[in-house]
Amino acid sequence: MVLSQRGDTCLDLSKTVGTCSGILTDSSGQIASMGYPYGYIGGLSCYWMIYPPTSRSISLTFQDFDLEGLGGDCTYDYIEVSTGDGTVDRFCGSEIPRVITTNSSRLTMRFSSDASLHGRGFLATYTTLPMKLEKTRSCKVEVHGTSGTITHTPRIGCDVTSYTLSLPPEFSISYRYTALSGNVRLHYDPDDTPAIRFEGHTRTGQIKTYSNYLRVVVVSPDTVANVTWETTDKGLCGGSYKVTKTPVNIYSHRSYNHTDLPPFQRCTWTLVSRKSTHILLAFLSFDVGSGDGGMHGEVSPKIKKRRLGGGGGKKSRKRRRRRNEACRDSYIEIIDGRKKLGKFCQNRKVTVIKSSSSNLKIVLVTGREPGKGFHVKYSRLT
């Protein structure tokens, strides 16, 4: 028999249902003050923590409640309930508290009593419920212009805010990021994972994306941040491009289809894809250099089937040298990673290339007779 002194009365605790503190992991159960229903002792500080085995909401219902305290003055004896989301409620007196339902799978209850007056105690039961998932409220903002600033402050009614800037492929975006607080993700192409993440107070220098696309996703509603962007026009002669699954066009010069290529220039287009992926180049039209071999505007079937680059033997090197010598005045050169695939012109045309690496370079060199130019489309292969 376990006895407890309460004033001049001895309580047989073996006949009561209460305990002081515990970790409860069952999907339902009961909590009662030590000594209930015959009264609790003074000087208690008891904690109960409810952790269901799965991610479920918790509902706490008081069946009986009698503590010291009156008129909301919960200074002496009280129950304090924390629901895991920062909400804390305190109860005392003889009025049964409201039913408490959490939005998380965690609930902590504290019972405190002083050394003076006491009540009957309390009895509560809890059950677990399927978690109610609140729908995330998303807001989307389209941003325009070759320069500007995105200023984000907390928006009423928006849990996640997305700002999207999409420019023609001849532009490359760079930006500076400044934030006092929050959680932000930045994407450099529509179908990719975030390129970079920022949390909390952050200030960056100029960051180059090498992309014509920028999406700023504000994840936490309390974010206060600025993104200032500017662009570089890379369409006049070459540039760096981020390769995605979405096919993108490159034209040899801005006035393609209206004027011939400008003579005596050198332009390099650098295409960079995600690591361990490949790039597909499809030339839709090709007219570079004058040449006297092949039909103008057509591609020989033999060249379509030719494996570009050839082997590493002596004959193969001579064959590549002869092909390259056929393109002297104006040509494009294609480089796959560190491997040169060769020079191409009217004497040696190209249609489709699949890279063996995740980056390609197209180098255009024009001389006295540059030709009309080319139109190529690129995309990412997984």
# chains A, B, ... in the order shown; residues from 1 in each chain; ligands from 1
>>> residues_around(residues="segment 243-251 of chain A", least_positions_apart="6", cutoff="7 Å", atoms="only C-alpha atoms", output="list of chain:residue names")
A:Asp189, A:Leu271, A:Val272, A:Ser273, A:Phe374, A:His375, A:Val376, A:Lys377, A:Tyr378, A:Ser379, A:Arg380, A:Leu381
>>> atom_distance(atom1="atom CA of Cys139 of chain A", atom2="atom CA of Thr151 of chain A")
14.5 Å
>>> residues_around(residues="segment 108-118 of chain A", least_positions_apart="6", cutoff="6 Å", atoms="only C-alpha atoms", output="list in words")
Gly42, Gly43, Leu44, Ser45, Cys46, Tyr47, Trp48, Met49, Glu68, Tyr76, Asp77, Tyr78, Ile79, Glu80, Val81 and Ser82 of chain A
>>> write_last_selection(atoms="C-alpha atoms", output="PDB file, in the first residue's frame")
ATOM      1  CA  GLY A  42       0.791  20.076  -3.015  1.00  0.00           C
ATOM      2  CA  GLY A  43       4.120  20.918  -4.567  1.00  0.00           C
ATOM      3  CA  LEU A  44       3.555  18.936  -7.745  1.00  0.00           C
ATOM      4  CA  SER A  45       5.148  19.638 -11.114  1.00  0.00           C
ATOM      5  CA  CYS A  46       4.051  16.881 -13.496  1.00  0.00           C
ATOM      6  CA  TYR A  47       4.532  16.576 -17.267  1.00  0.00           C
ATOM      7  CA  TRP A  48       2.766  14.368 -19.779  1.00  0.00           C
ATOM      8  CA  MET A  49       3.950  14.213 -23.399  1.00  0.00           C
ATOM      9  CA  GLU A  68      -7.651  25.723  -7.036  1.00  0.00           C
ATOM     10  CA  TYR A  76      -1.449  28.680  -7.784  1.00  0.00           C
ATOM     11  CA  ASP A  77      -2.721  25.403  -9.233  1.00  0.00           C
ATOM     12  CA  TYR A  78      -3.124  25.033 -12.997  1.00  0.00           C
ATOM     13  CA  ILE A  79      -2.928  22.870 -16.111  1.00  0.00           C
ATOM     14  CA  GLU A  80      -0.803  24.174 -18.995  1.00  0.00           C
ATOM     15  CA  VAL A  81      -1.263  22.623 -22.457  1.00  0.00           C
ATOM     16  CA  SER A  82       1.224  23.162 -25.330  1.00  0.00           C
TER      17      SER A  82
END
